[in-house]
Amino acid sequence: MKVKDRRVPGERNLIAGMLVDAVGTGMYVPFSLVFFQRITGLPLPTIGTVLTAAGLLAMGAMPVGGWAVDRFGARRVRLALYLVRGLGFLAFPLGTTLPVFALVAALTAAGAQAFPATQQALIGELGQGEHRDRLMALARSVNNAGLGAGGLLAAGLVQLGGDRGFLAVAWLNAATFFVAALFALRIRTPHPVRPATGRQRAGYRAVLRDSPYAGLTLANFLIALGYSALSVLLPVYAVSQFDLPASVAGPLFAVNTALCAFAGVPVGRLARRFARRTRVAAVGALVFATAFLGYALLGGMPRQGVMAGLVGLLVLYTIGELVHSPSAGALSVSAAPAEARGRYLATYQLSWALSQTLAPSLFTGLLAVDGRLPWLVLAASSTAGAGMLLALERRLPVEAVYTTTAAAVPPEHREATESRTLIRGGAG
């Protein structure tokens, strides 16, 4: 049993880099619009428009990042992205004119968009089997702890330094990326990256022809919409439907962040006792759906019980997040062939980016019709995503579905996936 929890080579530097990165990110995320206004001096509507346009344009960097991972290795690309993001935040104080700000924002957003798939690819290179699930759970806990610590640090700097505090936040955020890059330099992947092959040169066509992986990406899109509910839907729902103060978002975020930081690893360890990642991820999605149904029914509660209902359902929502996220992440990494992992994960990451882009307009449009409607749609989409995961179980590679050794896999499942693996191996 102790072997399962033993660290993999490079793990300490990987986690240290994640923590430093998360602290820096947490320093500016809560103040992003005000942050950029104070640093650049541009009007808020202009800043918002530029950041939205930069985010949409930056989605084009994701396929490029996937190609780079396959060509140069996840460790090198991760290091380069840290440097790009660090230089971007160093340059933001120079962006006092619109063209310069737009250029710096686009480059920084491109680095941020390409980063998650690169990070997952590196976890795939460092960990095998259950270690991937463990690293995914640990990464989520560390990220939430760092975001919380960064937010508190930035609040203190802004309170003490005013406008100079915002400048200090920009510089410290840039510094965290450079420190994280130093940790990335110390990581040594256990297996050298193979040179480009004919199969790799087939590009994204091979990824798009892989229908089970396309189905996995679609299932994740349906479930990922629920991840935007906490930041986009829940605050406006609480204010518009129950006349609660806007400040209620703070305690709700604090509950979610604290649970993710402290319960992520224990919940992940419990989930790894079940061999099939598809089923664990599906259970997490169904817990999501249950929480969303609860929010839809919350309007019928007495007013004095609404806040307790909001917090109780948030705890249930967070449990779904902790169960789903590590297994779904490890599933996406393990279902991708090693020599094209970067391209596969960049494609999978588009499901997250697209859900985050569509969520604000989708949720606000549904809220305008009926306050319960967005929650019912989210419950339906999470349930559909869970059903797709279960339906894909026999079509995905055995090593992706099961966290245990191949000897523990039912023979009929192994035989059902052998032909598909051979076909994919000859693609391109």
# chains A, B, ... in the order shown; residues from 1 in each chain; ligands from 1

call {"tool": "residues_around", "arguments": {"residues": "Val179 of chain A", "least_positions_apart": "2", "cutoff": "9 Å", "atoms": "only C-alpha atoms", "output": "list in words"}}
result
Gly17, Val20, Asp21, Tyr82, Ala174, Ala175, Thr176, Phe177, Ala181, Leu182, Phe183 and Ala184 of chain A

call {"tool": "select_by_dssp", "arguments": {"residues": "segment 136-301 of chain A", "states": "alpha helix (DSSP H)", "output": "ChimeraX atom specification"}}
result
/A:136-161,163-185,198-201,204-209,211-224,234-242,249-271,277-297

call {"tool": "closest_residue", "arguments": {"among": "A:Tyr344, A:Trp352, A:Tyr295, A:Phe166", "to": "Asp70 of chain A", "atoms": "only C-alpha atoms"}}
result
A:Tyr344

call {"tool": "closest_residue", "arguments": {"among": "A:Ala391, A:Leu298, A:Leu350, A:Met27", "to": "Met62 of chain A", "atoms": "only C-alpha atoms"}}
result
A:Leu350

call {"tool": "residues_around", "arguments": {"residues": "Val8 of chain A", "least_positions_apart": "4", "cutoff": "12 Å", "atoms": "only C-alpha atoms", "output": "list of chain:residue names"}}
result
A:Val3, A:Lys4, A:Arg12, A:Asn13, A:Leu14, A:Ile15, A:Ile123, A:Gly124, A:Glu125, A:Leu126, A:Gly127, A:Gln128, A:Gly129, A:Glu130, A:His131, A:Arg132, A:Arg134, A:Leu135, A:Ile187, A:Arg188, A:Thr189, A:Pro190

call {"tool": "write_last_selection", "arguments": {"atoms": "C-alpha atoms", "output": "short mmCIF file (atom, residue, chain, number, x, y, z; two decimals), in the first residue's frame"}}
result
data_model
loop_
_atom_site.label_atom_id
_atom_site.label_comp_id
_atom_site.auth_asym_id
_atom_site.auth_seq_id
_atom_site.Cartn_x
_atom_site.Cartn_y
_atom_site.Cartn_z
CA VAL A 3 4.13 2.05 -2.82
CA LYS A 4 1.01 3.79 -4.12
CA ARG A 12 8.61 17.88 -5.43
CA ASN A 13 9.77 20.38 -8.02
CA LEU A 14 6.55 19.96 -9.99
CA ILE A 15 4.37 20.68 -6.95
CA ILE A 123 2.08 14.84 -15.20
CA GLY A 124 1.54 12.14 -17.81
CA GLU A 125 5.28 11.91 -18.41
CA LEU A 126 6.16 11.79 -14.73
CA GLY A 127 3.44 9.52 -13.34
CA GLN A 128 1.92 6.23 -14.41
CA GLY A 129 -1.24 4.44 -13.26
CA GLU A 130 -2.56 5.55 -9.89
CA HIS A 131 0.26 8.09 -9.55
CA ARG A 132 -1.41 10.18 -12.26
CA ARG A 134 -2.76 11.17 -7.12
CA LEU A 135 -0.82 13.97 -8.80
CA ILE A 187 12.52 18.44 -13.22
CA ARG A 188 13.91 15.48 -15.11
CA THR A 189 11.36 13.36 -16.96
CA PRO A 190 11.99 9.62 -16.59
#
